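Text of upload00.txt, listed as compact mmCIF, C-alpha atoms:
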```txt
# COMPACT_ATOMS: atom_id res chain seq x y z
CA MET A 156 20.01 -40.03 124.38
CA LYS A 157 16.46 -40.35 125.69
CA ILE A 158 14.61 -43.09 123.81
CA LEU A 159 11.22 -44.79 123.65
CA TYR A 160 11.54 -48.53 122.99
CA TYR A 161 8.67 -50.66 121.67
CA ASP A 162 8.82 -54.33 122.68
CA CYS A 163 6.65 -55.85 119.93
CA ARG A 164 7.15 -59.56 120.64
CA SER A 165 3.34 -59.82 121.02
CA GLY A 166 2.61 -57.42 118.16
CA ILE A 167 1.02 -53.98 118.21
CA SER A 168 -2.36 -52.40 117.52
CA GLY A 169 -3.64 -48.85 117.66
CA ASP A 170 -5.54 -49.14 120.93
CA MET A 171 -2.78 -51.10 122.68
CA ASN A 172 -0.28 -48.41 121.66
CA LEU A 173 -2.45 -45.67 123.14
CA ALA A 174 -2.94 -47.67 126.34
CA ALA A 175 0.80 -48.33 126.68
CA MET A 176 1.60 -44.63 126.31
CA LEU A 177 -0.85 -43.75 129.07
CA HIS A 178 0.55 -46.44 131.37
CA LEU A 179 4.03 -45.12 130.61
CA GLY A 180 3.03 -41.75 132.05
CA VAL A 181 1.27 -39.61 129.43
CA ASP A 182 -1.40 -37.61 131.29
CA PRO A 183 -4.90 -38.78 130.24
CA ALA A 184 -6.21 -35.24 130.71
CA ARG A 185 -3.56 -33.92 128.32
CA LEU A 186 -4.48 -36.58 125.77
CA ARG A 187 -8.19 -35.75 126.03
CA THR A 188 -7.47 -32.03 125.63
CA GLU A 189 -5.43 -32.61 122.51
CA LEU A 190 -7.92 -35.03 120.97
CA ALA A 191 -10.73 -32.50 121.58
CA LYS A 192 -8.97 -30.24 119.06
CA LEU A 193 -10.26 -32.58 116.33
CA GLY A 194 -13.79 -31.41 117.10
CA LEU A 195 -15.16 -34.98 117.25
CA GLU A 196 -16.15 -35.14 120.94
CA ALA A 197 -19.82 -35.72 120.05
CA GLU A 198 -18.89 -38.89 118.14
CA TYR A 199 -17.07 -40.93 120.80
CA GLU A 200 -16.35 -41.54 124.45
CA LEU A 201 -12.81 -42.46 125.48
CA ARG A 202 -12.70 -45.11 128.23
CA ILE A 203 -9.41 -45.63 130.07
CA ALA A 204 -9.28 -48.35 132.70
CA ALA A 205 -6.80 -50.48 134.63
CA ALA A 206 -6.55 -54.01 133.27
CA ALA A 207 -4.36 -57.09 133.50
CA LYS A 208 -3.21 -59.88 131.20
CA ASN A 209 -1.35 -63.01 132.35
CA GLY A 210 -0.87 -61.39 135.75
CA ILE A 211 0.68 -58.22 134.27
CA THR A 212 -1.15 -54.99 135.10
CA GLY A 213 -1.50 -52.12 132.68
CA ILE A 214 -4.12 -49.97 130.97
CA ARG A 215 -6.82 -50.80 128.44
CA VAL A 216 -8.34 -48.20 126.12
CA ASP A 217 -11.74 -48.33 124.41
CA VAL A 218 -13.31 -45.78 122.10
CA ASP A 219 -17.10 -46.09 122.34
CA LEU A 220 -18.77 -44.59 119.28
CA LEU A 221 -21.78 -42.37 119.91
CA ASP A 222 -22.70 -41.65 116.27
CA ALA A 223 -24.48 -44.54 114.46
CA GLY A 224 -25.65 -42.54 111.47
CA HIS A 225 -23.13 -43.71 108.90
CA ASP A 226 -22.65 -46.96 107.02
CA HIS A 227 -19.09 -48.25 107.38
CA GLU A 228 -19.64 -50.82 104.66
CA ALA A 229 -19.87 -48.10 102.00
CA GLY A 230 -17.11 -47.96 99.42
CA HIS A 231 -15.11 -50.62 97.69
CA HIS A 232 -11.51 -50.37 98.80
CA GLY A 233 -9.68 -50.63 102.12
CA HIS A 234 -10.15 -53.36 104.70
CA ALA A 235 -13.28 -53.40 106.82
CA HIS A 236 -11.84 -55.49 109.61
CA GLU A 237 -10.81 -54.34 113.06
CA HIS A 238 -7.50 -52.64 112.32
CA ASP A 239 -6.87 -51.35 115.78
CA HIS A 240 -7.14 -54.12 118.31
CA GLY A 241 -5.51 -57.34 117.27
CA HIS A 242 -8.73 -59.24 118.06
CA GLU A 243 -11.58 -60.77 116.10
CA HIS A 244 -12.15 -59.46 112.59
CA GLY A 245 -15.58 -58.13 111.79
CA HIS A 246 -17.38 -55.26 113.48
CA GLY A 247 -18.44 -54.33 116.96
CA HIS A 248 -15.49 -55.69 118.95
CA GLY A 249 -13.79 -53.45 121.45
CA HIS A 250 -14.68 -50.09 119.91
CA GLY A 251 -18.43 -50.34 120.29
CA GLN A 252 -21.32 -51.72 118.28
CA GLN A 253 -22.28 -48.69 116.21
CA ALA A 254 -21.51 -48.23 112.53
CA HIS A 255 -18.46 -46.19 111.56
CA HIS A 256 -17.80 -43.29 109.24
CA HIS A 257 -15.84 -43.98 106.09
CA ARG A 258 -13.45 -41.32 104.83
CA ARG A 259 -10.94 -40.77 102.09
CA LEU A 260 -7.41 -39.53 102.68
CA SER A 261 -8.38 -36.04 101.52
CA ASP A 262 -11.17 -35.94 104.11
CA ILE A 263 -8.78 -36.93 106.87
CA GLU A 264 -6.13 -34.41 105.81
CA ALA A 265 -8.74 -31.64 105.67
CA LEU A 266 -9.90 -32.56 109.18
CA LEU A 267 -6.34 -32.43 110.49
CA ALA A 268 -5.55 -29.17 108.68
CA GLY A 269 -8.63 -27.50 110.14
CA SER A 270 -7.89 -28.62 113.68
CA ALA A 271 -6.12 -26.68 116.43
CA LEU A 272 -3.55 -29.44 116.88
CA ASP A 273 0.13 -28.58 117.05
CA GLU A 274 1.77 -28.67 113.62
CA ARG A 275 4.11 -31.48 114.67
CA VAL A 276 1.14 -33.61 115.72
CA ARG A 277 -0.71 -32.84 112.48
CA ARG A 278 2.36 -33.74 110.43
CA THR A 279 2.91 -37.05 112.24
CA SER A 280 -0.79 -37.95 111.98
CA ARG A 281 -0.78 -37.18 108.24
CA ASP A 282 2.26 -39.37 107.76
CA ILE A 283 0.61 -42.34 109.48
CA PHE A 284 -2.56 -42.01 107.41
CA ARG A 285 -0.63 -41.56 104.17
CA ARG A 286 1.32 -44.73 104.86
CA LEU A 287 -1.96 -46.57 105.39
CA ALA A 288 -3.43 -45.11 102.21
CA ARG A 289 -0.42 -46.10 100.11
CA ALA A 290 -0.45 -49.64 101.53
CA GLU A 291 -4.17 -50.11 100.89
CA ALA A 292 -3.86 -48.62 97.39
CA THR A 293 -1.04 -51.02 96.55
CA VAL A 294 -2.94 -54.03 97.89
CA HIS A 295 -6.14 -53.20 96.01
CA GLY A 296 -4.54 -51.86 92.82
CA VAL A 297 -6.19 -48.42 93.02
CA SER A 298 -5.04 -44.85 93.46
CA VAL A 299 -4.50 -43.47 96.94
CA GLU A 300 -7.53 -41.19 96.65
CA ASP A 301 -9.78 -44.12 95.72
CA VAL A 302 -9.11 -45.83 99.04
CA HIS A 303 -12.06 -45.80 101.44
CA PHE A 304 -10.63 -46.23 104.91
CA HIS A 305 -13.71 -47.65 106.68
CA GLU A 306 -12.49 -48.38 110.24
CA VAL A 307 -9.13 -46.80 109.55
CA GLY A 308 -10.87 -43.56 108.59
CA ALA A 309 -13.44 -43.85 111.36
CA THR A 310 -13.62 -41.83 114.51
CA ASP A 311 -12.08 -44.60 116.62
CA ALA A 312 -9.04 -44.93 114.39
CA LEU A 313 -8.59 -41.16 114.23
CA VAL A 314 -8.40 -41.25 118.01
CA ASP A 315 -5.82 -44.08 117.93
CA ILE A 316 -3.65 -42.46 115.25
CA VAL A 317 -3.81 -38.84 116.35
CA GLY A 318 -3.44 -40.07 119.93
CA ALA A 319 -0.24 -41.88 118.92
CA ALA A 320 1.13 -38.66 117.42
CA VAL A 321 0.16 -36.66 120.51
CA CYS A 322 1.86 -39.14 122.86
CA ARG A 323 5.02 -39.27 120.75
CA HIS A 324 5.48 -35.51 121.01
CA VAL A 325 4.38 -35.25 124.65
CA LEU A 326 7.12 -37.74 125.60
CA ASP A 327 9.65 -35.58 123.71
CA VAL A 328 12.23 -38.36 123.27
CA ASP A 329 15.32 -38.07 121.10
CA ALA A 330 14.59 -41.28 119.22
CA VAL A 331 12.15 -44.18 119.00
CA TRP A 332 13.42 -47.76 118.74
CA ALA A 333 11.52 -51.02 118.37
CA SER A 334 12.10 -54.76 118.45
CA PRO A 335 11.28 -57.09 115.53
CA VAL A 336 7.51 -57.24 115.18
CA GLU A 337 5.43 -60.39 115.76
CA LEU A 338 2.72 -60.65 113.08
CA GLY A 339 0.77 -63.75 114.17
CA GLY A 340 -0.69 -66.20 111.66
CA GLY A 341 -3.74 -68.04 110.39
CA PHE A 342 -6.67 -66.36 108.63
CA ALA A 343 -9.13 -63.60 109.48
CA ARG A 344 -12.46 -62.53 108.03
CA CYS A 345 -13.08 -59.05 106.68
CA ALA A 346 -15.55 -57.41 104.27
CA HIS A 347 -13.68 -59.03 101.33
CA GLY A 348 -13.90 -62.53 102.85
CA LEU A 349 -11.11 -64.58 104.40
CA ILE A 350 -7.64 -63.04 104.21
CA PRO A 351 -4.32 -64.40 105.44
CA VAL A 352 -2.74 -63.06 108.62
CA PRO A 353 -0.79 -60.82 108.58
CA ALA A 354 -3.21 -58.72 106.55
CA PRO A 355 -1.88 -57.69 103.12
CA ALA A 356 -1.75 -54.03 104.16
CA THR A 357 0.32 -54.96 107.22
CA VAL A 358 2.77 -56.85 105.00
CA GLU A 359 3.03 -53.87 102.67
CA LEU A 360 3.62 -51.44 105.54
CA LEU A 361 6.34 -53.55 107.15
CA ARG A 362 8.43 -54.16 104.03
CA GLY A 363 12.07 -53.87 105.09
CA VAL A 364 11.22 -54.14 108.82
CA PRO A 365 12.40 -57.17 110.86
CA THR A 366 9.40 -59.33 111.75
CA THR A 367 8.52 -62.74 113.20
CA ARG A 368 5.44 -64.90 112.55
CA GLY A 369 3.51 -67.80 113.91
CA ALA A 370 3.64 -67.20 117.66
CA VAL A 371 -0.14 -67.59 117.63
CA ALA A 372 -2.82 -68.34 115.01
CA ALA A 373 -4.34 -64.88 115.21
CA GLU A 374 -3.62 -61.32 114.07
CA THR A 375 -1.18 -59.73 116.50
CA THR A 376 -0.09 -56.72 114.43
CA THR A 377 -2.75 -54.66 112.68
CA PRO A 378 -2.33 -52.26 109.75
CA THR A 379 -2.85 -49.31 112.08
CA GLY A 380 -0.22 -50.63 114.49
CA ALA A 381 2.18 -51.23 111.60
CA ALA A 382 1.62 -47.71 110.24
CA ILE A 383 2.25 -46.18 113.66
CA LEU A 384 5.49 -48.13 114.03
CA THR A 385 6.88 -47.33 110.58
CA SER A 386 6.05 -43.66 111.04
CA LEU A 387 7.45 -43.24 114.56
CA VAL A 388 10.35 -45.70 114.80
CA ASP A 389 13.85 -44.58 113.87
CA THR A 390 15.59 -47.90 114.54
CA PHE A 391 14.59 -51.56 114.75
CA THR A 392 16.89 -53.58 116.99
CA ALA A 393 16.44 -56.81 118.92
CA ALA A 394 19.21 -55.94 121.38
CA PRO A 395 18.88 -52.34 122.59
CA ALA A 396 21.70 -51.01 124.77
CA MET A 397 19.74 -48.86 127.21
CA VAL A 398 19.08 -48.04 130.85
CA MET A 399 15.33 -48.35 131.48
CA ASP A 400 13.58 -45.64 133.46
CA ARG A 401 9.86 -46.44 133.14
CA THR A 402 7.81 -49.25 131.58
CA GLY A 403 4.21 -49.21 130.35
CA TYR A 404 1.83 -52.01 129.34
CA GLY A 405 -1.04 -51.62 126.89
CA ILE A 406 -3.52 -54.45 127.48
CA GLY A 407 -5.35 -56.04 124.56
CA HIS A 408 -8.86 -57.47 124.40
CA ARG A 409 -8.23 -61.18 123.78
CA ASP A 410 -6.89 -64.20 125.60
CA LEU A 411 -4.20 -65.85 123.46
CA ASP A 412 -1.44 -68.40 123.96
CA ILE A 413 0.90 -65.41 124.26
CA PRO A 414 0.23 -62.31 126.41
CA ASN A 415 -2.02 -59.96 124.42
CA LEU A 416 -0.21 -56.79 125.42
CA LEU A 417 2.26 -54.18 124.19
CA ARG A 418 5.23 -53.27 126.39
CA VAL A 419 7.07 -49.98 126.01
CA HIS A 420 10.12 -48.63 127.82
CA LEU A 421 11.31 -45.09 128.38
CA GLY A 422 15.02 -44.87 129.05
CA THR A 423 18.48 -43.71 128.10
CA ALA A 424 20.48 -45.27 125.29
CA THR A 425 23.98 -46.32 126.30
CA ALA A 426 25.07 -47.04 122.70
CA SER A 427 23.63 -46.19 119.33
CA PRO A 428 22.17 -49.14 117.43
CA GLY A 429 23.06 -47.33 114.21
CA GLY A 430 19.88 -47.74 112.26
CA ALA A 431 19.83 -51.51 111.75
CA GLY A 432 21.78 -52.55 114.83
CA SER A 433 25.43 -51.47 115.08
CA GLY A 434 27.49 -53.44 117.57
CA PRO A 435 28.07 -57.13 118.24
CA ALA A 436 26.27 -59.53 115.90
CA ARG A 437 26.56 -63.10 114.64
CA LEU A 438 27.24 -64.33 111.11
CA LEU A 439 25.90 -67.82 110.32
CA GLN A 440 27.15 -69.51 107.15
CA CYS A 441 26.62 -72.87 105.50
CA ASN A 442 27.32 -74.40 102.07
CA ILE A 443 24.44 -76.17 100.30
CA ASP A 444 24.63 -78.28 97.15
CA ASP A 445 21.37 -80.24 97.23
CA MET A 446 18.54 -77.67 97.30
CA THR A 447 16.69 -76.25 94.31
CA ALA A 448 16.65 -72.52 93.56
CA GLU A 449 12.98 -72.39 94.53
CA ALA A 450 13.66 -74.04 97.90
CA LEU A 451 16.60 -71.74 98.61
CA GLY A 452 14.48 -68.70 97.78
CA ALA A 453 11.74 -69.89 100.13
CA ALA A 454 14.27 -70.41 102.92
CA LEU A 455 15.72 -66.93 102.41
CA GLU A 456 12.27 -65.35 102.63
CA LEU A 457 11.40 -67.34 105.75
CA LEU A 458 14.62 -66.32 107.51
CA MET A 459 14.07 -62.64 106.67
CA ASP A 460 10.49 -62.86 107.92
CA ALA A 461 11.84 -64.34 111.16
CA GLY A 462 13.75 -61.11 111.80
CA ALA A 463 17.25 -61.70 110.46
CA MET A 464 19.24 -58.51 109.91
CA ASP A 465 20.30 -59.80 106.50
CA VAL A 466 20.33 -63.02 104.48
CA HIS A 467 22.10 -63.48 101.16
CA LEU A 468 23.03 -66.34 98.83
CA THR A 469 26.39 -66.59 97.06
CA PRO A 470 27.20 -69.07 94.27
CA ILE A 471 30.33 -71.09 95.08
CA VAL A 472 32.21 -74.15 93.79
CA MET A 473 32.81 -76.94 96.30
CA LYS A 474 34.99 -80.04 96.20
CA LYS A 475 34.90 -82.12 93.02
CA SER A 476 34.05 -78.89 91.14
CA ARG A 477 30.47 -79.16 92.37
CA PRO A 478 28.36 -75.95 92.03
CA ALA A 479 26.77 -74.94 95.33
CA THR A 480 25.37 -72.00 97.28
CA CYS A 481 26.70 -70.34 100.42
CA LEU A 482 23.92 -69.07 102.68
CA SER A 483 25.00 -66.17 104.93
CA LEU A 484 22.76 -64.87 107.71
CA LEU A 485 23.39 -61.89 110.00
CA CYS A 486 21.51 -61.70 113.30
CA ALA A 487 21.69 -60.23 116.78
CA THR A 488 23.83 -62.11 119.29
CA ALA A 489 20.75 -62.92 121.36
CA ASP A 490 19.10 -64.54 118.30
CA GLU A 491 21.99 -66.86 117.39
CA ALA A 492 20.44 -70.06 118.80
CA ARG A 493 17.03 -69.35 117.28
CA PHE A 494 18.41 -68.78 113.77
CA THR A 495 20.74 -71.77 114.03
CA GLU A 496 17.69 -73.94 114.62
CA LEU A 497 15.77 -72.28 111.77
CA VAL A 498 18.62 -72.83 109.29
CA PHE A 499 18.90 -76.50 110.25
CA ARG A 500 15.14 -76.93 110.04
CA HIS A 501 14.55 -75.19 106.70
CA THR A 502 17.68 -76.10 104.73
CA THR A 503 19.51 -79.37 104.04
CA THR A 504 22.81 -78.29 105.59
CA LEU A 505 24.52 -80.58 108.08
CA GLY A 506 26.74 -77.91 109.61
CA ILE A 507 26.81 -74.16 110.27
CA LYS A 508 29.76 -71.83 110.87
CA ARG A 509 28.95 -69.23 113.56
CA LEU A 510 31.20 -66.18 113.64
CA PRO A 511 31.17 -63.15 115.97
CA VAL A 512 31.20 -59.89 114.00
CA ASP A 513 30.86 -56.17 114.66
CA LYS A 514 28.27 -54.41 112.55
CA VAL A 515 28.33 -50.69 111.86
CA ALA A 516 25.36 -49.06 110.16
CA LEU A 517 24.16 -45.55 109.48
CA ASP A 518 21.03 -44.30 111.20
CA THR A 519 18.05 -44.06 108.86
CA ALA A 520 14.94 -41.92 108.91
CA PHE A 521 11.93 -41.73 106.62
CA GLU A 522 9.98 -38.73 105.43
CA THR A 523 7.21 -38.13 102.91
CA LEU A 524 7.95 -35.94 99.90
CA ASP A 525 4.99 -34.49 98.02
CA THR A 526 5.56 -34.48 94.25
CA PRO A 527 3.32 -33.58 91.28
CA LEU A 528 2.94 -37.33 90.70
CA GLY A 529 1.95 -38.08 94.30
CA PRO A 530 3.61 -38.65 97.71
CA VAL A 531 6.89 -40.57 97.85
CA THR A 532 8.67 -42.00 100.90
CA MET A 533 12.28 -40.81 101.10
CA LYS A 534 14.81 -42.91 103.02
CA ASN A 535 17.50 -40.72 104.56
CA ALA A 536 20.90 -42.03 105.67
CA LEU A 537 22.13 -40.04 108.68
CA MET A 538 25.62 -39.45 110.04
CA GLY A 539 25.96 -37.47 113.24
CA GLY A 540 22.30 -36.51 112.97
CA ALA A 541 22.76 -34.90 109.53
CA VAL A 542 21.47 -36.32 106.25
CA LEU A 543 24.36 -37.89 104.36
CA ARG A 544 22.27 -39.00 101.40
CA SER A 545 18.71 -39.93 100.62
CA LYS A 546 16.80 -41.93 98.03
CA PRO A 547 13.15 -42.55 97.19
CA GLU A 548 11.67 -45.94 98.06
CA PHE A 549 11.64 -48.05 94.91
CA GLU A 550 8.15 -49.47 95.44
CA ASP A 551 6.70 -45.96 95.65
CA CYS A 552 8.46 -45.04 92.41
CA ARG A 553 7.23 -48.18 90.69
CA ARG A 554 3.67 -47.49 91.86
CA LEU A 555 3.78 -43.92 90.49
CA ALA A 556 5.24 -45.14 87.20
CA LYS A 557 2.39 -47.63 86.83
CA THR A 558 -0.28 -45.12 87.88
CA HIS A 559 0.85 -42.44 85.44
CA GLY A 560 2.07 -44.69 82.62
CA LEU A 561 5.61 -43.32 82.86
CA PRO A 562 9.04 -44.93 82.71
CA LEU A 563 10.83 -45.19 86.05
CA ALA A 564 13.48 -42.72 84.88
CA ALA A 565 10.81 -40.03 84.41
CA VAL A 566 9.51 -40.65 87.94
CA TYR A 567 12.99 -40.28 89.41
CA GLU A 568 13.47 -37.04 87.46
CA ALA A 569 10.18 -35.66 88.81
CA ILE A 570 11.22 -36.55 92.35
CA ALA A 571 14.61 -34.87 91.90
CA ALA A 572 12.92 -31.73 90.60
CA SER A 573 10.50 -31.69 93.57
CA ARG A 574 13.39 -31.90 96.03
CA LYS A 575 14.98 -28.82 94.46
CA CYS A 576 11.80 -26.78 94.91
CA PRO A 577 11.71 -24.53 98.01
```

Mind turning this structure into structure tokens?
Amino acid sequence: MKILYYDCRSGISGDMNLAAMLHLGVDPARLRTELAKLGLEAEYELRIAAAAKNGITGIRVDVDLLDAGHDHEAGHHGHAHEHDHGHEHGHGHGHGQQAHHHRRLSDIEALLAGSALDERVRRTSRDIFRRLARAEATVHGVSVEDVHFHEVGATDALVDIVGAAVCRHVLDVDAVWASPVELGGGFARCAHGLIPVPAPATVELLRGVPTTRGAVAAETTTPTGAAILTSLVDTFTAAPAMVMDRTGYGIGHRDLDIPNLLRVHLGTATASPGGAGSGPARLLQCNIDDMTAEALGAALELLMDAGAMDVHLTPIVMKKSRPATCLSLLCATADEARFTELVFRHTTTLGIKRLPVDKVALDTAFETLDTPLGPVTMKNALMGGAVLRSKPEFEDCRRLAKTHGLPLAAVYEAIAASRKCP
């Protein structure tokens, strides 16, 4: 199976993704030809240049805006920070100094529908933008159509997102895999003031995805990068079984304590990771009788954020009939030492059992289902490439229930009816 593997240990942004794809072998002329089908050539200039970071050579991409006639501060919703570079928040870094367009989702979808792009590219691009719109709407408590995308709806981000879709289909791989995603830390400034890193939209987009934090006090994964990943990636695994053929490096714009770059591999899978990482894994367990429920909950959240495959708490009774909690953590074999240290550091346990296990998991894939109530993300469980079963994402259903003032049961019924429609 031919796969594309994203190594996201330094995060991901829209421009670094585009640069990595070009360094991997996507023809720049082909990319320019496809992007020209948007009809926006008069608004930007695409600069592609060799670059290096920490002695590693790759490609850097910049989109210089040529149209300064629009105010990107207009509107009230959606972040106005640099979504696409993983560098300083605010305006005028990396993508030029001019003001940006602001667009709604309907504007973007109309632009894509009216373009001469291949239908697969249009569909992938729509999916990425819809994910962004849903995340921003959830963060700001508004409807999807009330989201003003600012930078994310600007010409530069259209290039990054549509370019990501173009490259995905040009490479024509059988599947896309990715490592756990480094999110960074600290705070960043946007049009709404200081916000924590990762940005709230990034957190919303990466719900259910293995992540790590704190490698550097800066934003390493942007909302655009997160949307691209969750749209394109079939499987997240820290230990891919693959034979590498080619490697590409997308170089970022900042100098950090970690290399500001995105590495991608093109290769052949030698074993299926089965959605969440089938194959050898490690089970860490410890019994705790002197932590509060709040402290245990905080530890569980921290361990999941660090990229554990799974963490769960089980009530048990220890010696002397003492109530306690068993913490169980599943991780990749390569992550055993790291999670052992994290459990010791963030719990009160004095000992940990470490057991080798074999994990088997179904492949999963996500698709967007349009319903009369709004778009819903469907999570499909696959066996042998065929859909075994599927279910709507709960958070999408809860959002629709709140938006329309309906009980959850009515939302699920509407989704079921939509799936039956031709």

Counting all atoms listed in the file, which residues in stretch 350-374 of chain A sit no more than 7 Å from stretch 285-295 of chain A? For each one, give the nearest pair of atoms and the distance in Å, sorted by chain then residue number, as CSV.
```
residue,atom,partner,partner_atom,distance
A:Pro355,CA,A:Val294,CA,6.5
A:Ala356,CA,A:Ala290,CA,5.3
A:Glu359,CA,A:Ala290,CA,5.6
A:Leu360,CA,A:Ala290,CA,6.0
```

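Neighbours of A:Ala424 closer than or equal to 12 Å, with only C-alpha atoms counted and sequence neighbours fewer than 2 positions away skipped, come out as Met156, Lys157, Ile158, Leu159, Tyr160, Val328, Asp329, Ala330, Val331, Trp332, Ala394, Pro395, Ala396, Met397, Val398, Met399, Asp400, His420, Leu421, Gly422, Ala426, Ser427, Pro428 and Gly429 of chain A.
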
What would the file look like if the residues just selected were written as a PDB file, in the frame of the given file with C-alpha atoms?
```pdb
ATOM      1  CA  MET A 156      20.010 -40.030 124.380  1.00  0.00           C
ATOM      2  CA  LYS A 157      16.460 -40.350 125.690  1.00  0.00           C
ATOM      3  CA  ILE A 158      14.610 -43.090 123.810  1.00  0.00           C
ATOM      4  CA  LEU A 159      11.220 -44.790 123.650  1.00  0.00           C
ATOM      5  CA  TYR A 160      11.540 -48.530 122.990  1.00  0.00           C
ATOM      6  CA  VAL A 328      12.230 -38.360 123.270  1.00  0.00           C
ATOM      7  CA  ASP A 329      15.320 -38.070 121.100  1.00  0.00           C
ATOM      8  CA  ALA A 330      14.590 -41.280 119.220  1.00  0.00           C
ATOM      9  CA  VAL A 331      12.150 -44.180 119.000  1.00  0.00           C
ATOM     10  CA  TRP A 332      13.420 -47.760 118.740  1.00  0.00           C
ATOM     11  CA  ALA A 394      19.210 -55.940 121.380  1.00  0.00           C
ATOM     12  CA  PRO A 395      18.880 -52.340 122.590  1.00  0.00           C
ATOM     13  CA  ALA A 396      21.700 -51.010 124.770  1.00  0.00           C
ATOM     14  CA  MET A 397      19.740 -48.860 127.210  1.00  0.00           C
ATOM     15  CA  VAL A 398      19.080 -48.040 130.850  1.00  0.00           C
ATOM     16  CA  MET A 399      15.330 -48.350 131.480  1.00  0.00           C
ATOM     17  CA  ASP A 400      13.580 -45.640 133.460  1.00  0.00           C
ATOM     18  CA  HIS A 420      10.120 -48.630 127.820  1.00  0.00           C
ATOM     19  CA  LEU A 421      11.310 -45.090 128.380  1.00  0.00           C
ATOM     20  CA  GLY A 422      15.020 -44.870 129.050  1.00  0.00           C
ATOM     21  CA  ALA A 426      25.070 -47.040 122.700  1.00  0.00           C
ATOM     22  CA  SER A 427      23.630 -46.190 119.330  1.00  0.00           C
ATOM     23  CA  PRO A 428      22.170 -49.140 117.430  1.00  0.00           C
ATOM     24  CA  GLY A 429      23.060 -47.330 114.210  1.00  0.00           C
TER      25      GLY A 429
END
```

Which residue gives the smallest distance to A:Arg164 among A:Met533, A:Leu349, A:Ala320, A:Leu338, with all atoms listed in the file counted?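 Result for the nearest residue to A:Arg164: A:Leu338.
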
Using only C-alpha atoms, find each residue in stretch 393-414 of chain A having at least one atom no more than 9 Å away from stretch 203-211 of chain A; report its shortest atom-to-atom pair and that distance in Å (one decimal), rows by chain then rising number, as CSV.
```
residue,atom,partner,partner_atom,distance
A:Tyr404,CA,A:Ile211,CA,8.0
A:Gly405,CA,A:Ala206,CA,8.8
A:Ile406,CA,A:Ala206,CA,6.5
A:Gly407,CA,A:Lys208,CA,8.0
A:Asp410,CA,A:Lys208,CA,8.0
A:Ile413,CA,A:Asn209,CA,8.7
A:Pro414,CA,A:Asn209,CA,6.2
```

Mind pulling up the distance from atom CA of A:Glu374 to atom CA of A:Phe342?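 Going from atom CA of A:Phe342 over to atom CA of A:Glu374, I get 8.0 Å.
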
List every protein, DNA or RNA residue that has at least one atom no more than 9 Å from (3.4, -46.4, 124.1) in the file's coordinates, counting all atoms listed in the file, and write the result as number ranges by chain. A: 159-161, 171-179, 181, 319, 322-323, 403-405, 417-420

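The two atoms in question, atom CA of A:Cys486 and atom CA of A:Arg500, are spaced 16.8 Å apart.
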
Could you work out how far atom CA of A:Phe391 lies from atom CA of A:Arg185, giving the answer in Å with one decimal?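 So the two atoms, atom CA of A:Arg185 and atom CA of A:Phe391, lie 28.7 Å apart.
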
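Across A:Leu497, A:Ala556, A:Val218, A:Cys345, the tightest approach to A:Gly462 is made by A:Leu497 when counting only C-alpha atoms.
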
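Of the listed residues A:Lys475, A:Arg278, A:Arg493, A:His408, the one whose atoms come nearest to A:Val216 is A:His408, with distances taken using only C-alpha atoms.
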